[in-house]
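J.: A single structure is presented below for examination.
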Amino acid sequence: MEDIKNLFATFSSDTIVNIETIPQSGGDRVYCRLITATGSYIAARNNNIKENEAFIYFSQHFKKADCPVPVIVAINKERTLYLQQDFGKACLLDILEAEGHTEHVFELYQKSLLALANLQVNGDKALDYNYCITSASFGKQAILSDLLYFKYYFLDTLKIPYDKEKLVSEFDALSTYLSNADHKYFMFRDFQSRNIMVKDDAVHFIDYQGGMKGAVQYDVASLLWQAKAELSDEWKTKLLQYYIDCLQNILQQPIDKASFESEYNGYVLIRLLQVLGAYGFRGLFERKAHFLTSIPLALQNLEWFINNKKIGIGLPEFEKLLSLIVDKEIVKRFEPIRAGKETALLVKVNSFSFIKSGYPKDETANGGGFVFDCRGILNPGRIDEYKKLTGRDKPVKDYLEQETKMPEFLSNIYNLVDISVEDYIARGFESLVLNFGCTGGQHRSVYAADAVARHVRNKYGVKVSTNHIEQKITEKKGY
């Protein structure tokens, strides 16, 4: 925080009145929002200097091409910390989820596609692709890498038998076909609704540091086929045609729509598979619940695609495998058991102090459950500014999430607790007790108890009661 404040002082004399930590997503970058009396800025901390250099250079270059990207206002000399313009907290997905598939949301998608076409074509002019993080272009090898990523981190985890030589051969054929696509300009690489911020009804782009030169269809496929957005086929068709019209106007030349759409379908498939690979890696290997719960949606997307679209090249072994992985039995593997009205299970979550009150008394008939000792996590209570706060206060939560091993600690607990919750729901059990203890029952145990209660309630829809013994706070929430 001191580094951020010092860097901020190099370009502004305003006083920072508050610093908000922004939750991390898939990457290792850490973001904070700096709030002053006159505005706000985003601070990004990242030890991957090459990634920082890419984002900074792309931002400065795209700004000259009149693209809706943030202004970089300050960079530290080590190039590990930079400050950028803040576009607010609302992304396109937030607005879609709040409003639904309304005319206003459709117009925001149109604005996004128009701005995308401009960034791809005009942003490509005189762009130095040596700043790209990996390869400078999304060619055959990059496409093949995405397919293998899907194979290793998702397909192979399903343990479905297949002819490996035939599949790799067809991967090679598909990569060759798509690498010869027309219309190659700047490719955003992760153009989806979470990376489109909406402020004052205007769209703005973030997180394009992974970009490279490639087929423009890839970005359009990424946006329109994002599983979480669940866009209708009608919207996808209309928005694709709108994008083609925008691209023709910017290029000032006609586009062969049949060829463009055939290549687009191929890139839709690549994107769907790349997303499944990412969900597999983040969910199945890193055990991050958000990614696991996204897998069924991604598989439903893929099922609709293979039943309704053609990619212009025959791939019999691959097509056979794709039809197998969208089978209902496969999808069921990734759908967590959900509690219904007839479910009797109540998950009781307690926080307590080992020193003051000791282990909570078990009032249930069956006994058992878990007691987790949070004292292996750095104690915020030893820091003066946090002593009078609890694990429910934002500064303490930020400290535990960013400065300690609490996220790793909880990830392992989720895995253990999930096994019991799923089994208890299936067997009709009525009670599961989860206890979290720390020295004073004020910071670590309170935070962990709340986090696990929220995880269980959101994932399984069960009734949850939370009791913070030392704080004398009891809450009950159900389905």
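The way I read the labels, and the way they are meant: chains A, B, ... in the order of the structure tokens, residue 1 as the first residue of every chain, and ligand 1 as the first ligand shown, with later ones counted on from there.
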Using DSSP on the backbone coordinates, identify all residues within region 176-311 of chain A classified as strand (DSSP E); present the result as a ChimeraX atom specification.

T.: /A:184-187,196-199,202-205,212-215

J.: Residues near region 212-218 of chain A, anyone? I mean within 6 Å using only C-alpha atoms, not counting same-chain ones fewer than 4 positions away, as a ChimeraX atom specification.

T.: /A:136-138,183-187,264,267

J.: Using C-alpha atoms, can you export the residues from the last selection as a short mmCIF file (atom, residue, chain, number, x, y, z; two decimals), in the first residue's frame?

T.:
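Contents of selection08.cif, as written:
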data_model
loop_
_atom_site.label_atom_id
_atom_site.label_comp_id
_atom_site.auth_asym_id
_atom_site.auth_seq_id
_atom_site.Cartn_x
_atom_site.Cartn_y
_atom_site.Cartn_z
CA ALA A 136 3.25 -12.70 -31.86
CA SER A 137 0.47 -14.38 -33.82
CA PHE A 138 -2.32 -16.87 -33.27
CA HIS A 183 -8.87 -11.00 -41.96
CA LYS A 184 -6.03 -11.21 -39.45
CA TYR A 185 -5.56 -8.16 -37.27
CA PHE A 186 -5.14 -7.60 -33.53
CA MET A 187 -6.79 -10.39 -31.57
CA TYR A 264 -16.07 -18.12 -37.47
CA TYR A 267 -13.09 -20.40 -34.03
#

J.: In Å, how far is it from CA of Ser420 (chain A) to CA of Tyr447 (chain A)?

T.: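 Taking CA of Ser420 (chain A) as the start and CA of Tyr447 (chain A) as the end point, the length is 21.2 Å.
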
J.: Considering only C-alpha atoms, tabulate each residue of region 95-153 of chain A that lies at most 12 Å from region 161-166 of chain A along with its nearest interatomic pair and the corresponding distance in Å to one decimal; arrange the rows by chain and ascending residue number and present them as a Markdown table.

T.:
| residue | atom | partner | partner_atom | distance |
| --- | --- | --- | --- | --- |
| A:Leu148 | CA | A:Lys164 | CA | 11.4 |
| A:Lys151 | CA | A:Lys164 | CA | 10.2 |
| A:Tyr152 | CA | A:Lys164 | CA | 11.8 |

J.: Any chance you can output those residues with N, CA and C atoms as a tab-separated table (two decimals), in the first residue's frame?

T.:
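Saved the output as part20.tsv:
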chain	number	residue	atom	x	y	z
A	148	LEU	N	-4.66	-28.89	-27.48
A	148	LEU	CA	-3.98	-29.79	-26.56
A	148	LEU	C	-4.26	-29.42	-25.11
A	151	LYS	N	-7.35	-31.02	-24.40
A	151	LYS	CA	-7.15	-32.46	-24.29
A	151	LYS	C	-6.59	-32.85	-22.92
A	152	TYR	N	-5.53	-32.17	-22.48
A	152	TYR	CA	-4.86	-32.56	-21.25
A	152	TYR	C	-5.67	-32.22	-19.99

J.: Residues at most 7 Å from region 392-396 of chain A, counting only C-alpha atoms, excluding those fewer than 2 positions away in the same chain, as a list in words?

T.: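 The contact residues come out as Pro380, Tyr386, Leu389, Thr390, Asp398, Tyr399, Leu400, Val446 and Tyr447 of chain A.
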
J.: Dump N, CA and C atoms for the selected residues as a JSON list (two decimals), in the first residue's frame?

T.:
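The resulting file, result39.json, is shown below:
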[["chain", "number", "residue", "atom", "x", "y", "z"],
["A", 380, "PRO", "N", -4.42, -11.17, 12.14],
["A", 380, "PRO", "CA", -4.62, -9.72, 12.00],
["A", 380, "PRO", "C", -4.73, -9.01, 13.35],
["A", 386, "TYR", "N", -6.16, -3.28, 13.29],
["A", 386, "TYR", "CA", -7.18, -4.30, 13.14],
["A", 386, "TYR", "C", -7.68, -4.86, 14.48],
["A", 389, "LEU", "N", -11.33, -4.58, 15.18],
["A", 389, "LEU", "CA", -12.18, -5.04, 14.09],
["A", 389, "LEU", "C", -12.40, -6.54, 14.19],
["A", 390, "THR", "N", -13.25, -7.08, 13.31],
["A", 390, "THR", "CA", -13.48, -8.52, 13.27],
["A", 390, "THR", "C", -13.26, -9.04, 11.85],
["A", 398, "ASP", "N", -9.59, -8.00, 3.59],
["A", 398, "ASP", "CA", -8.56, -7.74, 2.56],
["A", 398, "ASP", "C", -7.21, -8.28, 3.01],
["A", 399, "TYR", "N", -6.88, -8.07, 4.29],
["A", 399, "TYR", "CA", -5.60, -8.55, 4.81],
["A", 399, "TYR", "C", -5.51, -10.07, 4.71],
["A", 400, "LEU", "N", -6.57, -10.75, 5.15],
["A", 400, "LEU", "CA", -6.55, -12.21, 5.13],
["A", 400, "LEU", "C", -6.49, -12.77, 3.71],
["A", 446, "VAL", "N", -13.79, -16.06, 12.44],
["A", 446, "VAL", "CA", -15.02, -15.41, 11.96],
["A", 446, "VAL", "C", -15.02, -15.34, 10.44],
["A", 447, "TYR", "N", -13.89, -14.92, 9.87],
["A", 447, "TYR", "CA", -13.80, -14.82, 8.41],
["A", 447, "TYR", "C", -13.99, -16.20, 7.77]]

J.: Could you list, as number ranges by chain, every residue within 10 Å of region 69-84 of chain A, counting only C-alpha atoms and ignoring same-chain residues fewer than 6 positions away?

T.: A: 3-4, 6-12, 29-34, 40-53, 55-63, 119, 196-197, 203-208

J.: As an exercise, work out the distance from CA of Lys388 (chain A) to CA of Ser445 (chain A) in Å and give it to one decimal place.

T.: 15.1 Å

J.: Would you mind writing down, as an NGL selection string, each residue of region 195-293 of chain A that DSSP on the backbone assigns to alpha helix (DSSP H)?

T.: :A and (217-224 or 233-251 or 257-279 or 289-293)

J.: For Ala448 (chain A), please output as an NGL selection string all residues within 12 Å (counting only C-alpha atoms; exclusion window: fewer than 3 positions along the same chain).

T.: :A and (349-352 or 371-375 or 377 or 390-392 or 396-397 or 400-401 or 405-414 or 434-438 or 441-445 or 451-455 or 466 or 468)

J.: Pull N, CA and C atoms from the residues just selected and write them as a tab-separated table (two decimals), in the first residue's frame.

T.:
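Below you can see result-v3.tsv, which holds the result:
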chain	number	residue	atom	x	y	z
A	349	VAL	N	-22.54	-23.70	11.39
A	349	VAL	CA	-21.16	-23.20	11.29
A	349	VAL	C	-20.88	-22.30	12.49
A	350	ASN	N	-19.85	-22.64	13.26
A	350	ASN	CA	-19.50	-21.86	14.46
A	350	ASN	C	-18.09	-21.29	14.35
A	351	SER	N	-17.90	-20.10	14.88
A	351	SER	CA	-16.55	-19.59	15.14
A	351	SER	C	-16.39	-19.48	16.64
A	352	PHE	N	-15.18	-19.75	17.15
A	352	PHE	CA	-14.98	-19.75	18.59
A	352	PHE	C	-13.53	-19.43	18.94
A	371	VAL	N	-13.70	-29.73	13.14
A	371	VAL	CA	-13.15	-28.59	13.86
A	371	VAL	C	-11.88	-28.18	13.13
A	372	PHE	N	-11.84	-26.94	12.64
A	372	PHE	CA	-10.68	-26.44	11.91
A	372	PHE	C	-9.96	-25.39	12.76
A	373	ASP	N	-8.65	-25.57	12.87
A	373	ASP	CA	-7.82	-24.66	13.65
A	373	ASP	C	-7.23	-23.60	12.72
A	374	CYS	N	-7.66	-22.36	12.89
A	374	CYS	CA	-7.22	-21.26	12.01
A	374	CYS	C	-5.93	-20.59	12.49
A	375	ARG	N	-5.32	-21.11	13.56
A	375	ARG	CA	-4.17	-20.42	14.13
A	375	ARG	C	-2.90	-20.56	13.30
A	377	ILE	N	-2.77	-19.47	10.38
A	377	ILE	CA	-2.84	-18.30	9.50
A	377	ILE	C	-2.36	-17.07	10.28
A	390	THR	N	-13.25	-7.08	13.31
A	390	THR	CA	-13.48	-8.52	13.27
A	390	THR	C	-13.26	-9.04	11.85
A	391	GLY	N	-13.42	-10.34	11.69
A	391	GLY	CA	-13.28	-10.94	10.37
A	391	GLY	C	-14.38	-10.58	9.41
A	392	ARG	N	-15.33	-9.76	9.83
A	392	ARG	CA	-16.39	-9.27	8.95
A	392	ARG	C	-16.11	-7.87	8.42
A	396	VAL	N	-9.88	-6.17	7.44
A	396	VAL	CA	-9.41	-7.48	7.91
A	396	VAL	C	-9.58	-8.52	6.80
A	397	LYS	N	-10.72	-8.48	6.12
A	397	LYS	CA	-10.95	-9.42	5.02
A	397	LYS	C	-9.89	-9.25	3.93
A	400	LEU	N	-6.57	-10.75	5.15
A	400	LEU	CA	-6.55	-12.21	5.13
A	400	LEU	C	-6.49	-12.77	3.71
A	401	GLU	N	-7.16	-12.09	2.77
A	401	GLU	CA	-7.20	-12.57	1.39
A	401	GLU	C	-5.91	-12.29	0.64
A	405	LYS	N	-2.21	-17.02	3.93
A	405	LYS	CA	-2.55	-18.23	3.19
A	405	LYS	C	-3.99	-18.67	3.40
A	406	MET	N	-4.83	-17.72	3.85
A	406	MET	CA	-6.24	-18.05	4.07
A	406	MET	C	-6.93	-18.62	2.83
A	407	PRO	N	-6.73	-18.04	1.61
A	407	PRO	CA	-7.39	-18.61	0.42
A	407	PRO	C	-7.01	-20.08	0.19
A	408	GLU	N	-5.73	-20.42	0.38
A	408	GLU	CA	-5.29	-21.80	0.20
A	408	GLU	C	-5.87	-22.70	1.30
A	409	PHE	N	-5.90	-22.20	2.51
A	409	PHE	CA	-6.48	-22.91	3.64
A	409	PHE	C	-7.94	-23.25	3.38
A	410	LEU	N	-8.71	-22.25	2.91
A	410	LEU	CA	-10.13	-22.46	2.65
A	410	LEU	C	-10.36	-23.39	1.47
A	411	SER	N	-9.51	-23.30	0.46
A	411	SER	CA	-9.67	-24.17	-0.70
A	411	SER	C	-9.63	-25.64	-0.29
A	412	ASN	N	-8.73	-25.98	0.60
A	412	ASN	CA	-8.64	-27.36	1.08
A	412	ASN	C	-9.85	-27.73	1.93
A	413	ILE	N	-10.35	-26.78	2.72
A	413	ILE	CA	-11.53	-27.04	3.54
A	413	ILE	C	-12.75	-27.28	2.66
A	414	TYR	N	-12.89	-26.47	1.59
A	414	TYR	CA	-14.03	-26.67	0.68
A	414	TYR	C	-14.05	-28.10	0.16
A	434	LEU	N	-19.75	-27.53	11.53
A	434	LEU	CA	-18.42	-27.07	11.12
A	434	LEU	C	-17.95	-25.99	12.09
A	435	ASN	N	-16.85	-26.25	12.79
A	435	ASN	CA	-16.34	-25.32	13.80
A	435	ASN	C	-15.00	-24.73	13.35
A	436	PHE	N	-14.83	-23.42	13.56
A	436	PHE	CA	-13.60	-22.73	13.20
A	436	PHE	C	-13.09	-21.98	14.43
A	437	GLY	N	-11.91	-22.35	14.87
A	437	GLY	CA	-11.36	-21.73	16.07
A	437	GLY	C	-10.09	-20.95	15.79
A	438	CYS	N	-9.88	-19.90	16.56
A	438	CYS	CA	-8.60	-19.18	16.54
A	438	CYS	C	-8.33	-18.69	17.96
A	441	GLY	N	-11.24	-15.81	18.62
A	441	GLY	CA	-12.57	-15.96	18.03
A	441	GLY	C	-13.10	-14.67	17.43
A	442	GLN	N	-12.17	-13.85	16.91
A	442	GLN	CA	-12.56	-12.51	16.45
A	442	GLN	C	-12.26	-12.25	14.98
A	443	HIS	N	-11.11	-12.73	14.50
A	443	HIS	CA	-10.69	-12.38	13.14
A	443	HIS	C	-10.71	-13.58	12.20
A	444	ARG	N	-9.71	-14.46	12.36
A	444	ARG	CA	-9.54	-15.56	11.41
A	444	ARG	C	-10.71	-16.53	11.41
A	445	SER	N	-11.16	-16.93	12.60
A	445	SER	CA	-12.24	-17.91	12.68
A	445	SER	C	-13.56	-17.34	12.17
A	451	ALA	N	-16.98	-17.53	5.27
A	451	ALA	CA	-16.63	-17.94	3.91
A	451	ALA	C	-17.16	-19.33	3.60
A	452	VAL	N	-16.99	-20.27	4.53
A	452	VAL	CA	-17.44	-21.64	4.30
A	452	VAL	C	-18.96	-21.72	4.32
A	453	ALA	N	-19.60	-20.95	5.20
A	453	ALA	CA	-21.07	-20.92	5.22
A	453	ALA	C	-21.61	-20.43	3.88
A	454	ARG	N	-20.99	-19.37	3.36
A	454	ARG	CA	-21.41	-18.83	2.06
A	454	ARG	C	-21.18	-19.83	0.95
A	455	HIS	N	-20.05	-20.52	0.97
A	455	HIS	CA	-19.72	-21.52	-0.06
A	455	HIS	C	-20.76	-22.64	-0.07
A	466	THR	N	-25.22	-19.74	11.19
A	466	THR	CA	-23.88	-19.28	11.53
A	466	THR	C	-23.91	-18.70	12.94
A	468	HIS	N	-21.30	-16.96	15.63
A	468	HIS	CA	-20.00	-16.43	16.04
A	468	HIS	C	-20.05	-16.26	17.56
